file query-v1.csv (CSV, C-alpha atoms and all ligand atoms)
chain,number,residue,atom,x,y,z
A,1,MET,CA,23.0,-5.9,-29.1
A,2,ALA,CA,20.9,-3.8,-31.5
A,3,VAL,CA,21.7,-0.1,-31.3
A,4,PRO,CA,18.7,1.9,-29.9
A,5,ILE,CA,16.8,3.5,-32.8
A,6,SER,CA,17.4,6.9,-31.2
A,7,GLU,CA,21.1,6.5,-31.9
A,8,ILE,CA,20.5,5.9,-35.6
A,9,ALA,CA,18.2,9.0,-36.0
A,10,PRO,CA,16.6,11.3,-33.6
A,11,ALA,CA,13.1,10.2,-32.5
A,12,THR,CA,11.6,13.4,-34.0
A,13,SER,CA,12.7,12.5,-37.5
A,14,LEU,CA,11.3,9.0,-37.2
A,15,GLY,CA,8.0,10.3,-35.8
A,16,ALA,CA,5.7,7.9,-34.1
A,17,LEU,CA,7.8,4.9,-34.7
A,18,GLY,CA,10.9,6.4,-33.2
A,19,GLN,CA,8.9,7.5,-30.2
A,20,LEU,CA,7.7,4.0,-29.5
A,21,PHE,CA,11.2,2.7,-29.4
A,22,THR,CA,12.5,5.4,-27.0
A,23,ARG,CA,10.0,4.4,-24.3
A,24,GLY,CA,12.2,1.5,-23.2
A,25,THR,CA,9.3,-1.0,-23.0
A,26,PRO,CA,8.9,-3.8,-25.7
A,27,VAL,CA,6.8,-2.6,-28.6
A,28,LEU,CA,3.7,-4.7,-29.4
A,29,ALA,CA,2.6,-4.6,-33.0
A,30,LEU,CA,-0.5,-6.0,-34.9
A,31,ALA,CA,0.7,-8.2,-37.7
A,32,PRO,CA,-0.6,-7.5,-41.2
A,33,MET,CA,-3.1,-10.1,-42.2
A,34,GLN,CA,-4.8,-10.0,-45.6
A,35,ASP,CA,-8.6,-10.0,-45.3
A,36,VAL,CA,-8.4,-9.9,-41.5
A,37,THR,CA,-6.7,-6.7,-40.2
A,38,ASP,CA,-9.1,-4.3,-41.8
A,39,LEU,CA,-10.7,-1.2,-40.3
A,40,PRO,CA,-13.4,-3.0,-38.2
A,41,PHE,CA,-10.8,-5.4,-36.9
A,42,TRP,CA,-8.4,-2.6,-35.9
A,43,ARG,CA,-11.3,-0.9,-34.0
A,44,LEU,CA,-12.2,-4.1,-32.2
A,45,MET,CA,-8.6,-4.8,-31.2
A,46,ALA,CA,-8.3,-1.2,-29.9
A,47,GLY,CA,-11.3,-1.8,-27.7
A,48,TYR,CA,-9.5,-4.7,-25.9
A,49,GLY,CA,-6.3,-2.6,-25.2
A,50,GLY,CA,-4.8,-3.3,-28.6
A,51,PRO,CA,-1.2,-3.1,-29.8
A,52,ASP,CA,1.1,-0.1,-29.8
A,53,ILE,CA,1.2,0.0,-33.6
A,54,TYR,CA,-1.0,-1.4,-36.4
A,55,TRP,CA,0.1,-2.8,-39.8
A,56,THR,CA,-2.3,-2.6,-42.7
A,57,GLU,CA,-3.1,-5.4,-45.1
A,58,TYR,CA,-0.7,-5.1,-48.0
A,59,PHE,CA,-1.1,-2.7,-51.0
A,60,ARG,CA,-0.4,-4.7,-54.2
A,61,VAL,CA,2.1,-2.7,-56.2
A,62,HIS,CA,2.9,-3.2,-59.9
A,63,ALA,CA,3.3,-1.0,-63.0
A,64,THR,CA,-0.3,0.0,-63.3
A,65,SER,CA,-1.4,-0.3,-59.6
A,66,THR,CA,-3.1,2.4,-57.6
A,67,LEU,CA,-3.4,2.4,-53.8
A,68,GLU,CA,-6.4,0.3,-52.8
A,69,ARG,CA,-9.1,2.5,-51.4
A,70,PRO,CA,-10.3,0.3,-48.4
A,71,ILE,CA,-6.7,0.2,-47.1
A,72,LEU,CA,-6.4,4.0,-47.5
A,73,GLU,CA,-9.6,4.4,-45.6
A,74,CYS,CA,-8.2,2.3,-42.8
A,75,LEU,CA,-5.3,4.8,-42.6
A,76,HIS,CA,-7.5,7.9,-42.7
A,77,GLN,CA,-10.2,6.7,-40.3
A,78,ASN,CA,-7.7,5.0,-38.0
A,79,PRO,CA,-9.8,4.8,-34.9
A,80,THR,CA,-7.1,3.3,-32.6
A,81,GLY,CA,-5.3,6.5,-31.6
A,82,ARG,CA,-2.0,4.6,-32.4
A,83,PRO,CA,0.3,4.8,-35.3
A,84,ALA,CA,-0.2,2.8,-38.5
A,85,VAL,CA,2.3,1.2,-40.9
A,86,ALA,CA,1.3,0.8,-44.6
A,87,GLN,CA,2.7,-2.4,-46.1
A,88,LEU,CA,3.7,-2.8,-49.8
A,89,ILE,CA,4.1,-6.0,-51.8
A,90,GLY,CA,5.7,-6.1,-55.2
A,91,ASN,CA,9.1,-6.1,-57.0
A,92,ASP,CA,8.8,-3.4,-59.6
A,93,ILE,CA,11.1,-0.7,-58.4
A,94,PRO,CA,9.7,2.3,-60.1
A,95,ALA,CA,6.2,1.2,-59.0
A,96,LEU,CA,7.3,0.6,-55.4
A,97,VAL,CA,9.0,4.0,-55.3
A,98,ARG,CA,5.8,5.7,-56.7
A,99,ALA,CA,3.6,3.9,-54.2
A,100,ALA,CA,5.9,4.8,-51.3
A,101,LYS,CA,6.1,8.4,-52.3
A,102,GLU,CA,2.3,8.6,-52.6
A,103,LEU,CA,1.7,6.9,-49.3
A,104,GLN,CA,3.8,9.5,-47.5
A,105,HIS,CA,1.0,12.0,-48.2
A,106,HIS,CA,-1.3,9.8,-46.1
A,107,PRO,CA,-1.4,9.5,-42.3
A,108,ILE,CA,1.3,6.8,-41.7
A,109,ALA,CA,4.2,6.2,-39.4
A,110,ALA,CA,6.1,4.0,-41.8
A,111,VAL,CA,6.1,2.3,-45.2
A,112,ASP,CA,6.8,-1.5,-44.8
A,113,LEU,CA,8.1,-3.9,-47.5
A,114,ASN,CA,6.7,-7.5,-47.5
A,115,LEU,CA,9.4,-10.1,-47.9
A,116,GLY,CA,7.5,-13.0,-46.5
A,117,CYS,CA,4.2,-13.8,-48.3
A,118,PRO,CA,4.1,-17.5,-49.0
A,119,ALA,CA,1.1,-17.6,-51.3
A,120,PRO,CA,2.2,-19.3,-54.6
A,121,VAL,CA,0.4,-16.7,-56.7
A,122,VAL,CA,2.6,-14.1,-55.0
A,123,TYR,CA,6.0,-15.8,-54.7
A,124,ARG,CA,5.9,-17.3,-58.2
A,125,LYS,CA,6.0,-13.7,-59.5
A,126,CYS,CA,9.0,-13.2,-57.3
A,127,ALA,CA,7.2,-10.8,-54.9
A,128,GLY,CA,6.7,-11.2,-51.1
A,129,GLY,CA,8.6,-14.3,-49.9
A,130,GLY,CA,9.6,-15.1,-53.5
A,131,LEU,CA,12.1,-12.2,-53.4
A,132,LEU,CA,14.2,-14.1,-50.8
A,133,ARG,CA,15.3,-16.3,-53.7
A,134,GLU,CA,16.9,-13.3,-55.4
A,135,LEU,CA,18.7,-11.3,-52.8
A,136,HIS,CA,20.3,-8.9,-55.3
A,137,ARG,CA,16.8,-7.7,-56.1
A,138,VAL,CA,16.0,-7.3,-52.4
A,139,ASP,CA,19.2,-5.1,-52.2
A,140,ALA,CA,18.1,-3.0,-55.2
A,141,ILE,CA,14.5,-2.5,-53.8
A,142,LEU,CA,15.8,-1.6,-50.3
A,143,GLN,CA,18.2,1.0,-51.8
A,144,ALA,CA,15.4,2.6,-53.9
A,145,LEU,CA,12.9,2.6,-51.0
A,146,ARG,CA,15.4,3.9,-48.5
A,147,THR,CA,15.9,6.9,-50.8
A,148,ALA,CA,12.3,7.3,-51.6
A,149,ILE,CA,11.0,7.4,-48.0
A,150,ASP,CA,12.3,10.8,-47.1
A,151,ARG,CA,9.5,12.7,-45.4
A,152,PRO,CA,10.2,13.7,-41.8
A,153,GLY,CA,8.3,11.6,-39.3
A,154,ILE,CA,7.9,8.6,-41.7
A,155,ALA,CA,10.0,5.5,-41.3
A,156,PHE,CA,10.9,2.7,-43.6
A,157,THR,CA,10.4,-0.8,-42.3
A,158,VAL,CA,10.8,-4.4,-43.6
A,159,LYS,CA,9.0,-7.6,-42.7
A,160,THR,CA,10.8,-10.7,-43.7
A,161,ARG,CA,11.0,-14.5,-43.3
A,162,ILE,CA,14.3,-16.2,-42.7
A,163,GLY,CA,14.8,-17.6,-46.2
A,164,PHE,CA,12.8,-19.1,-49.1
A,165,ASP,CA,13.2,-22.9,-48.7
A,166,SER,CA,16.5,-22.8,-46.8
A,167,THR,CA,18.2,-20.4,-44.4
A,168,ASP,CA,21.5,-20.5,-46.3
A,169,GLY,CA,21.1,-16.9,-47.4
A,170,PHE,CA,20.1,-15.6,-44.0
A,171,ASP,CA,23.5,-14.0,-43.2
A,172,GLN,CA,23.6,-12.3,-46.6
A,173,LEU,CA,20.1,-11.1,-46.1
A,174,LEU,CA,21.1,-9.6,-42.7
A,175,GLU,CA,24.1,-7.9,-44.4
A,176,ILE,CA,21.8,-6.4,-47.1
A,177,LEU,CA,19.4,-5.2,-44.4
A,178,ASP,CA,22.0,-3.7,-42.3
A,179,ARG,CA,23.6,-1.9,-45.2
A,180,ASN,CA,20.3,-0.4,-46.4
A,181,ARG,CA,19.3,0.7,-43.0
A,182,PRO,CA,15.6,0.3,-42.8
A,183,ASP,CA,14.4,1.8,-39.5
A,184,LEU,CA,12.9,-1.4,-38.2
A,185,VAL,CA,13.0,-5.1,-39.3
A,186,THR,CA,10.3,-7.6,-38.3
A,187,VAL,CA,11.5,-11.3,-38.6
A,188,HIS,CA,8.9,-14.1,-38.9
A,189,GLY,CA,11.0,-17.0,-37.8
A,190,ARG,CA,10.1,-19.5,-40.6
A,191,THR,CA,11.1,-19.9,-44.2
A,192,VAL,CA,8.6,-19.2,-46.9
A,193,ALA,CA,8.3,-23.0,-47.6
A,194,GLU,CA,7.4,-23.6,-44.0
A,195,MET,CA,4.3,-21.5,-44.4
A,196,TYR,CA,2.6,-21.1,-40.9
A,197,ARG,CA,2.5,-24.4,-39.1
A,198,THR,CA,6.1,-25.5,-38.3
A,199,GLU,CA,8.0,-24.6,-35.2
A,200,VAL,CA,9.3,-21.0,-35.2
A,201,HIS,CA,13.1,-20.7,-35.4
A,202,TYR,CA,13.7,-18.1,-32.7
A,203,GLY,CA,17.4,-18.6,-33.0
A,204,PHE,CA,17.4,-16.8,-36.3
A,205,ILE,CA,15.4,-13.9,-34.9
A,206,GLU,CA,18.0,-13.6,-32.1
A,207,ARG,CA,20.7,-13.6,-34.8
A,208,ALA,CA,19.0,-10.7,-36.5
A,209,ALA,CA,18.5,-8.8,-33.3
A,210,ARG,CA,22.1,-9.1,-32.3
A,211,ARG,CA,23.5,-8.4,-35.8
A,212,LEU,CA,21.3,-5.6,-37.1
A,213,ARG,CA,21.8,-2.0,-35.9
A,214,MET,CA,18.1,-1.2,-36.2
A,215,PRO,CA,15.5,-2.6,-33.8
A,216,VAL,CA,14.0,-6.0,-34.6
A,217,LEU,CA,10.5,-7.2,-33.8
A,218,ALA,CA,10.1,-11.0,-33.3
A,219,ASN,CA,7.1,-12.6,-35.0
A,220,GLY,CA,5.6,-16.1,-35.0
A,221,ASN,CA,3.5,-18.0,-32.5
A,222,VAL,CA,3.2,-15.5,-29.7
A,223,HIS,CA,0.4,-17.3,-28.0
A,224,SER,CA,0.4,-16.1,-24.4
A,225,ALA,CA,1.9,-13.5,-22.1
A,226,GLU,CA,4.3,-16.0,-20.6
A,227,ARG,CA,5.4,-17.1,-24.1
A,228,ALA,CA,5.8,-13.4,-25.1
A,229,ALA,CA,8.2,-12.8,-22.3
A,230,GLU,CA,10.2,-15.9,-23.1
A,231,ILE,CA,10.4,-15.0,-26.8
A,232,LEU,CA,11.6,-11.5,-25.9
A,233,ARG,CA,14.2,-12.9,-23.5
A,234,ARG,CA,15.3,-15.6,-26.0
A,235,THR,CA,15.6,-13.4,-29.1
A,236,THR,CA,16.6,-10.1,-27.4
A,237,ALA,CA,14.1,-8.5,-29.9
A,238,ARG,CA,12.9,-5.0,-29.0
A,239,GLY,CA,9.2,-6.0,-29.4
A,240,LEU,CA,6.8,-8.5,-30.8
A,241,MET,CA,4.5,-8.7,-33.7
A,242,ILE,CA,1.3,-10.7,-33.2
A,243,GLY,CA,-1.1,-12.1,-35.8
A,244,ARG,CA,-3.2,-15.2,-35.3
A,245,GLY,CA,-2.7,-15.0,-31.5
A,246,CYS,CA,-4.7,-11.8,-31.2
A,247,VAL,CA,-7.6,-13.1,-33.4
A,248,ARG,CA,-7.8,-16.0,-31.1
A,249,ASN,CA,-7.2,-13.9,-28.0
A,250,PRO,CA,-7.8,-10.1,-28.3
A,251,TRP,CA,-6.8,-9.7,-24.7
A,252,ILE,CA,-3.3,-10.8,-25.5
A,253,PHE,CA,-1.7,-7.3,-25.8
A,254,SER,CA,-3.1,-6.3,-22.3
A,255,GLN,CA,-2.1,-9.6,-20.9
A,256,ILE,CA,1.5,-9.2,-22.2
A,257,ARG,CA,1.7,-5.7,-20.7
A,258,ASP,CA,0.4,-6.9,-17.4
A,259,HIS,CA,2.8,-9.8,-17.3
A,260,LEU,CA,5.9,-7.7,-18.2
A,261,ASP,CA,4.9,-5.1,-15.6
A,262,GLY,CA,4.6,-7.9,-12.9
A,263,ARG,CA,0.8,-7.7,-12.6
A,264,ALA,CA,-1.3,-10.9,-12.6
A,265,VAL,CA,-2.6,-11.9,-16.0
A,266,GLN,CA,-6.4,-11.9,-16.2
A,267,LEU,CA,-7.9,-14.7,-18.3
A,268,PRO,CA,-11.2,-14.2,-20.0
A,269,SER,CA,-14.2,-16.4,-19.1
A,270,GLY,CA,-16.0,-18.5,-21.7
A,271,ARG,CA,-18.7,-15.8,-21.7
A,272,ASP,CA,-16.2,-13.1,-22.3
A,273,VAL,CA,-15.0,-15.0,-25.4
A,274,LEU,CA,-18.6,-15.5,-26.5
A,275,ARG,CA,-19.1,-11.7,-26.3
A,276,TYR,CA,-15.9,-11.2,-28.3
A,277,VAL,CA,-17.2,-13.6,-31.1
A,278,GLU,CA,-20.5,-11.7,-31.1
A,279,ALA,CA,-18.7,-8.4,-31.4
A,280,LEU,CA,-16.5,-9.8,-34.2
A,281,TYR,CA,-19.7,-10.9,-36.0
A,282,GLU,CA,-21.3,-7.5,-35.7
A,283,VAL,CA,-18.3,-5.3,-36.5
A,284,THR,CA,-17.1,-7.3,-39.5
A,285,ALA,CA,-20.5,-7.5,-41.2
A,286,PRO,CA,-20.8,-4.9,-44.0
A,287,THR,CA,-24.2,-3.0,-43.7
A,288,ASP,CA,-25.5,-4.8,-46.8
A,289,SER,CA,-24.1,-8.2,-45.9
A,290,CYS,CA,-26.3,-11.3,-46.3
A,291,GLU,CA,-26.5,-13.6,-43.3
A,292,ARG,CA,-25.1,-16.7,-45.1
A,293,LEU,CA,-22.0,-14.8,-46.3
A,294,GLN,CA,-21.4,-13.3,-42.9
A,295,VAL,CA,-21.5,-16.8,-41.3
A,296,GLU,CA,-19.0,-18.0,-44.0
A,297,LYS,CA,-16.8,-15.0,-43.2
A,298,MET,CA,-16.9,-15.8,-39.5
A,299,LYS,CA,-15.7,-19.4,-40.2
A,300,LYS,CA,-12.4,-17.8,-41.3
A,301,TYR,CA,-11.9,-16.1,-38.0
A,302,MET,CA,-13.1,-19.1,-36.1
A,303,ASN,CA,-10.3,-21.2,-37.6
A,304,PHE,CA,-8.0,-19.1,-35.3
A,305,VAL,CA,-10.4,-18.7,-32.4
A,306,GLY,CA,-11.4,-22.3,-32.4
A,307,ALA,CA,-7.8,-23.5,-32.0
A,308,GLY,CA,-8.0,-22.1,-28.5
A,309,ILE,CA,-11.3,-23.7,-27.5
A,310,PRO,CA,-10.9,-26.9,-25.5
A,311,PRO,CA,-12.2,-30.0,-27.4
A,312,HIS,CA,-14.6,-31.4,-24.8
A,313,GLY,CA,-13.4,-35.0,-25.2
A,314,VAL,CA,-12.9,-34.9,-28.9
A,315,ALA,CA,-10.5,-32.9,-31.1
A,316,SER,CA,-11.8,-29.4,-31.8
A,317,THR,CA,-12.0,-30.3,-35.4
A,318,GLY,CA,-13.3,-33.9,-34.9
A,319,PRO,CA,-17.0,-34.9,-34.8
A,320,GLY,CA,-18.8,-32.9,-32.1
A,321,GLY,CA,-15.8,-30.6,-31.7
A,322,PHE,CA,-16.1,-26.9,-31.9
A,323,LEU,CA,-14.7,-26.3,-35.3
A,324,HIS,CA,-16.3,-29.4,-36.8
A,325,ARG,CA,-19.7,-28.0,-35.8
A,326,ILE,CA,-18.9,-24.4,-36.7
A,327,ARG,CA,-18.0,-25.5,-40.2
A,328,ARG,CA,-21.4,-27.1,-40.6
A,329,SER,CA,-23.4,-24.1,-39.5
A,330,GLN,CA,-25.2,-22.1,-42.1
A,331,THR,CA,-27.3,-19.5,-40.3
A,332,ARG,CA,-26.5,-17.0,-37.6
A,333,ASP,CA,-28.7,-19.0,-35.2
A,334,GLU,CA,-26.8,-22.2,-35.9
A,335,PHE,CA,-23.5,-20.5,-35.6
A,336,PHE,CA,-24.2,-18.9,-32.2
A,337,ARG,CA,-25.9,-22.1,-30.9
A,338,VAL,CA,-22.5,-23.9,-31.4
A,339,CYS,CA,-20.7,-20.9,-29.8
A,340,ARG,CA,-23.0,-21.0,-26.8
A,341,ASP,CA,-22.6,-24.8,-26.4
A,342,PHE,CA,-18.8,-24.3,-25.9
A,343,LEU,CA,-18.6,-20.8,-24.4
A,344,ASP,CA,-21.6,-20.0,-22.3
A,345,HIS,CA,-19.8,-20.5,-19.0
A,346,ASP,CA,-17.7,-18.8,-16.4
A,347,GLU,CA,-14.6,-20.9,-16.6
A,348,ARG,CA,-11.4,-19.0,-17.3
A,349,MET,CA,-9.9,-19.7,-20.8
A,350,PRO,CA,-6.2,-19.5,-21.6
A,351,LEU,CA,-7.1,-19.6,-25.3
A,352,LEU,CA,-3.9,-21.6,-26.2
A,353,PRO,CA,-3.6,-23.4,-29.5
A,354,PRO,CA,-2.6,-27.1,-29.7
A,355,PRO,CA,1.2,-27.6,-29.1
A,356,ASP,CA,3.6,-27.0,-32.0
A,357,PRO,CA,4.8,-29.9,-34.1
A,358,ALA,CA,8.0,-31.6,-33.0
A,359,PRO,CA,11.1,-29.5,-33.6
A,360,ALA,CA,12.7,-30.3,-37.0
A,361,GLY,CA,16.1,-30.1,-35.3
A,362,HIS,CA,18.1,-28.7,-38.2
A,363,HIS,CA,17.7,-25.0,-37.6
A,364,ALA,CA,19.5,-22.6,-35.3
A,401,LIG,C1,-4.7,-14.9,-42.8
A,401,LIG,C2,-3.3,-14.4,-42.8
A,401,LIG,C3,-3.0,-13.3,-43.6
A,401,LIG,C4,-1.7,-12.8,-43.7
A,401,LIG,N1,-1.4,-11.7,-44.4
A,401,LIG,C5,-0.2,-11.1,-44.4
A,401,LIG,C6,0.1,-9.9,-45.1
A,401,LIG,O1,-0.8,-9.3,-45.8
A,401,LIG,N2,1.4,-9.4,-45.0
A,401,LIG,C7,2.3,-10.0,-44.2
A,401,LIG,O2,3.5,-9.5,-44.1
A,401,LIG,N3,2.1,-11.1,-43.5
A,401,LIG,C8,0.8,-11.6,-43.6
A,401,LIG,N4,0.6,-12.8,-42.8
A,401,LIG,C9,1.6,-13.3,-41.9
A,401,LIG,C10,1.5,-12.7,-40.5
A,401,LIG,O3,1.7,-11.3,-40.6
A,401,LIG,C11,2.5,-13.3,-39.6
A,401,LIG,O4,3.8,-13.0,-40.1
A,401,LIG,C12,2.3,-14.8,-39.4
A,401,LIG,O5,0.9,-15.1,-39.3
A,401,LIG,C13,3.0,-15.3,-38.2
A,401,LIG,O6,2.7,-14.6,-37.0
A,401,LIG,P1,1.6,-15.3,-35.9
A,401,LIG,O7,2.1,-16.6,-35.5
A,401,LIG,O8,1.5,-14.2,-34.8
A,401,LIG,O9,0.3,-15.4,-36.7
A,401,LIG,C14,-0.7,-13.3,-42.8
A,401,LIG,C15,-1.0,-14.4,-42.0
A,401,LIG,C16,-2.3,-14.9,-42.0
A,401,LIG,C17,-2.6,-16.1,-41.1
call {"tool": "encode", "arguments": {"input": "query-v1.csv", "output": "structure tokens"}}
result
Amino acid sequence: MAVPISEIAPATSLGALGQLFTRGTPVLALAPMQDVTDLPFWRLMAGYGGPDIYWTEYFRVHATSTLERPILECLHQNPTGRPAVAQLIGNDIPALVRAAKELQHHPIAAVDLNLGCPAPVVYRKCAGGGLLRELHRVDAILQALRTAIDRPGIAFTVKTRIGFDSTDGFDQLLEILDRNRPDLVTVHGRTVAEMYRTEVHYGFIERAARRLRMPVLANGNVHSAERAAEILRRTTARGLMIGRGCVRNPWIFSQIRDHLDGRAVQLPSGRDVLRYVEALYEVTAPTDSCERLQVEKMKKYMNFVGAGIPPHGVASTGPGGFLHRIRRSQTRDEFFRVCRDFLDHDERMPLLPPPDPAPAGHHA
């Protein structure tokens, strides 16, 4: 079993992160999502109960980088009342150390290193998930960041996938993580090559949770309160990180808390979901935004929301299906006409996506 974080370092020295893990209830985290988890999105999630802790989008770090202003604003204006973790992506050690040191002067609970991004433009430069091909570099980066992140109350965390295109190096990765002692490790149970759509290999998350002395958050396909409880049980992780599931269903954090505390889970009605989509439209529109651009922006969110909207006889993406029609809308009126056609009702909505693809069978 993972050693409680309070046995590695006193909660006070780890600040807000340490305190979350001494409560004894599973920690719920908002996953970092580029172009999604910005300040308006944080505010909106907080209004629905929200997670216990929020990750920023990543700061890109290289020799001449400076900390991106909109993400810094997110940290300074943090409207959630909950701690925030600033994520870094890069592989240049002096630059990562510089960014980590600078970030510690901003209101953060932790600095997080991204070891998972599967975008080719990132991994080909050996950053994000690309680093999992070169574990000696991961080791050197972790050593440098562990030393650089030294302000009381600020923790060092890592978010990783389970390998690049195979899981052969997973045990070595765990050994490197354990030796460098980040304060928390989040494991997304897929390889980089698996991107986002395959089954999640929870067995590897369990292996990390049992092997590492720091707490582990399980990440990947947390779709419902029942599934959350099952993933916690299966992996023995100390908490969950949720990404697409909360874009589709912003009630998910409250639903998980209710379920874990033995209360009945409240499902939203179609009209509740419609009001959520309306709020998403309003809060994510910049003051100077043009309608056409905002409708386009909404289509990105709707790819996640739409996966949970029943197809009405045809696949959600097929002709006449929700996403099919949303993708053809061009104006605010057209967009919301489609939303009303599918959501202006009182039926309860579980907001579950279609089932996972069949298990590949070769993973633990
Ligand atoms: C649109 C999008 C953007 C993402 N951006 C990031 C990122 O900036 N940093 C990161 O570590 N992971 C990023 N991820 C991965 C998520 O944090 C998460 O690991 C992944 O989506 C699996 O969790 P889920 O099934 O709960 O969505 C992103 C995922 C999506 C879908």
call {"tool": "atom_distance", "arguments": {"input": "query-v1.csv", "atom1": "CA of Trp42 in chain A", "atom2": "CA of Thr157 in chain A"}}
result
19.9 Å
call {"tool": "residues_around", "arguments": {"input": "query-v1.csv", "residues": "Ser166 in chain A", "least_positions_apart": "3", "cutoff": "8 Å", "atoms": "all atoms listed in the file", "output": "mmCIF file with C-alpha atoms, keeping the file's coordinate frame"}}
result
data_model
loop_
_atom_site.group_PDB
_atom_site.id
_atom_site.type_symbol
_atom_site.label_atom_id
_atom_site.label_comp_id
_atom_site.auth_asym_id
_atom_site.auth_seq_id
_atom_site.Cartn_x
_atom_site.Cartn_y
_atom_site.Cartn_z
ATOM 1 C CA GLY A 163 14.800 -17.600 -46.200
ATOM 2 C CA GLY A 169 21.100 -16.900 -47.400
ATOM 3 C CA THR A 191 11.100 -19.900 -44.200
#
call {"tool": "residues_near_ligand", "arguments": {"input": "query-v1.csv", "ligand": "ligand LIG 401 (chain A)", "cutoff": "9 Å", "atoms": "only C-alpha atoms and all ligand atoms", "output": "MDAnalysis selection string"}}
result
chainID A and resid 30:37 55:59 87:89 112:118 128 158:161 186:190 195:197 200 219:223 240:247 300:301 304
call {"tool": "closest_residue", "arguments": {"input": "query-v1.csv", "among": "A:Leu28, A:Leu352, A:Leu131, A:Ala279", "to": "Ala218 in chain A", "atoms": "only C-alpha atoms"}}
result
A:Leu28
call {"tool": "closest_residue", "arguments": {"input": "query-v1.csv", "among": "A:Thr167, A:Phe21, A:Val277, A:Cys290", "to": "Phe335 in chain A", "atoms": "all atoms listed in the file"}}
result
A:Val277
call {"tool": "atom_distance", "arguments": {"input": "query-v1.csv", "atom1": "CA of Arg340 in chain A", "atom2": "CA of Ser254 in chain A"}}
result
25.1 Å
call {"tool": "closest_residue", "arguments": {"input": "query-v1.csv", "among": "A:Glu226, A:Glu194, A:Asp183, A:Asp178", "to": "Ala208 in chain A", "atoms": "only C-alpha atoms"}}
result
A:Asp178
call {"tool": "residues_near_point", "arguments": {"input": "query-v1.csv", "point": "(12.4, -21.1, -33.8)", "cutoff": "8 Å", "atoms": "all atoms listed in the file", "output": "list in words"}}
result
Gly189, Arg190, Glu199, Val200, His201, Tyr202, Gly203, Phe204, Ile205, His363 and Ala364 of chain A
call {"tool": "residues_near_point", "arguments": {"input": "query-v1.csv", "point": "(-13.9, -12.4, -31.2)", "cutoff": "12 Å", "atoms": "all atoms listed in the file", "output": "PyMOL selection string"}}
result
chain A and resi 36+40-41+44-45+47-48+244-251+268+270-284+298-306+308+339+343+351
call {"tool": "write_last_selection", "arguments": {"input": "query-v1.csv", "atoms": "C-alpha atoms", "output": "mmCIF file, keeping the file's coordinate frame"}}
result
data_model
loop_
_atom_site.group_PDB
_atom_site.id
_atom_site.type_symbol
_atom_site.label_atom_id
_atom_site.label_comp_id
_atom_site.auth_asym_id
_atom_site.auth_seq_id
_atom_site.Cartn_x
_atom_site.Cartn_y
_atom_site.Cartn_z
ATOM 1 C CA VAL A 36 -8.400 -9.900 -41.500
ATOM 2 C CA PRO A 40 -13.400 -3.000 -38.200
ATOM 3 C CA PHE A 41 -10.800 -5.400 -36.900
ATOM 4 C CA LEU A 44 -12.200 -4.100 -32.200
ATOM 5 C CA MET A 45 -8.600 -4.800 -31.200
ATOM 6 C CA GLY A 47 -11.300 -1.800 -27.700
ATOM 7 C CA TYR A 48 -9.500 -4.700 -25.900
ATOM 8 C CA ARG A 244 -3.200 -15.200 -35.300
ATOM 9 C CA GLY A 245 -2.700 -15.000 -31.500
ATOM 10 C CA CYS A 246 -4.700 -11.800 -31.200
ATOM 11 C CA VAL A 247 -7.600 -13.100 -33.400
ATOM 12 C CA ARG A 248 -7.800 -16.000 -31.100
ATOM 13 C CA ASN A 249 -7.200 -13.900 -28.000
ATOM 14 C CA PRO A 250 -7.800 -10.100 -28.300
ATOM 15 C CA TRP A 251 -6.800 -9.700 -24.700
ATOM 16 C CA PRO A 268 -11.200 -14.200 -20.000
ATOM 17 C CA GLY A 270 -16.000 -18.500 -21.700
ATOM 18 C CA ARG A 271 -18.700 -15.800 -21.700
ATOM 19 C CA ASP A 272 -16.200 -13.100 -22.300
ATOM 20 C CA VAL A 273 -15.000 -15.000 -25.400
ATOM 21 C CA LEU A 274 -18.600 -15.500 -26.500
ATOM 22 C CA ARG A 275 -19.100 -11.700 -26.300
ATOM 23 C CA TYR A 276 -15.900 -11.200 -28.300
ATOM 24 C CA VAL A 277 -17.200 -13.600 -31.100
ATOM 25 C CA GLU A 278 -20.500 -11.700 -31.100
ATOM 26 C CA ALA A 279 -18.700 -8.400 -31.400
ATOM 27 C CA LEU A 280 -16.500 -9.800 -34.200
ATOM 28 C CA TYR A 281 -19.700 -10.900 -36.000
ATOM 29 C CA GLU A 282 -21.300 -7.500 -35.700
ATOM 30 C CA VAL A 283 -18.300 -5.300 -36.500
ATOM 31 C CA THR A 284 -17.100 -7.300 -39.500
ATOM 32 C CA MET A 298 -16.900 -15.800 -39.500
ATOM 33 C CA LYS A 299 -15.700 -19.400 -40.200
ATOM 34 C CA LYS A 300 -12.400 -17.800 -41.300
ATOM 35 C CA TYR A 301 -11.900 -16.100 -38.000
ATOM 36 C CA MET A 302 -13.100 -19.100 -36.100
ATOM 37 C CA ASN A 303 -10.300 -21.200 -37.600
ATOM 38 C CA PHE A 304 -8.000 -19.100 -35.300
ATOM 39 C CA VAL A 305 -10.400 -18.700 -32.400
ATOM 40 C CA GLY A 306 -11.400 -22.300 -32.400
ATOM 41 C CA GLY A 308 -8.000 -22.100 -28.500
ATOM 42 C CA CYS A 339 -20.700 -20.900 -29.800
ATOM 43 C CA LEU A 343 -18.600 -20.800 -24.400
ATOM 44 C CA LEU A 351 -7.100 -19.600 -25.300
#
call {"tool": "closest_residue", "arguments": {"input": "query-v1.csv", "among": "A:Ala209, A:Leu184, A:Met349, A:Leu39", "to": "Gln266 in chain A", "atoms": "all atoms listed in the file"}}
result
A:Met349
call {"tool": "closest_residue", "arguments": {"input": "query-v1.csv", "among": "A:Gly129, A:Pro354, A:Pro107, A:Pro51", "to": "Asn78 in chain A", "atoms": "only C-alpha atoms"}}
result
A:Pro107
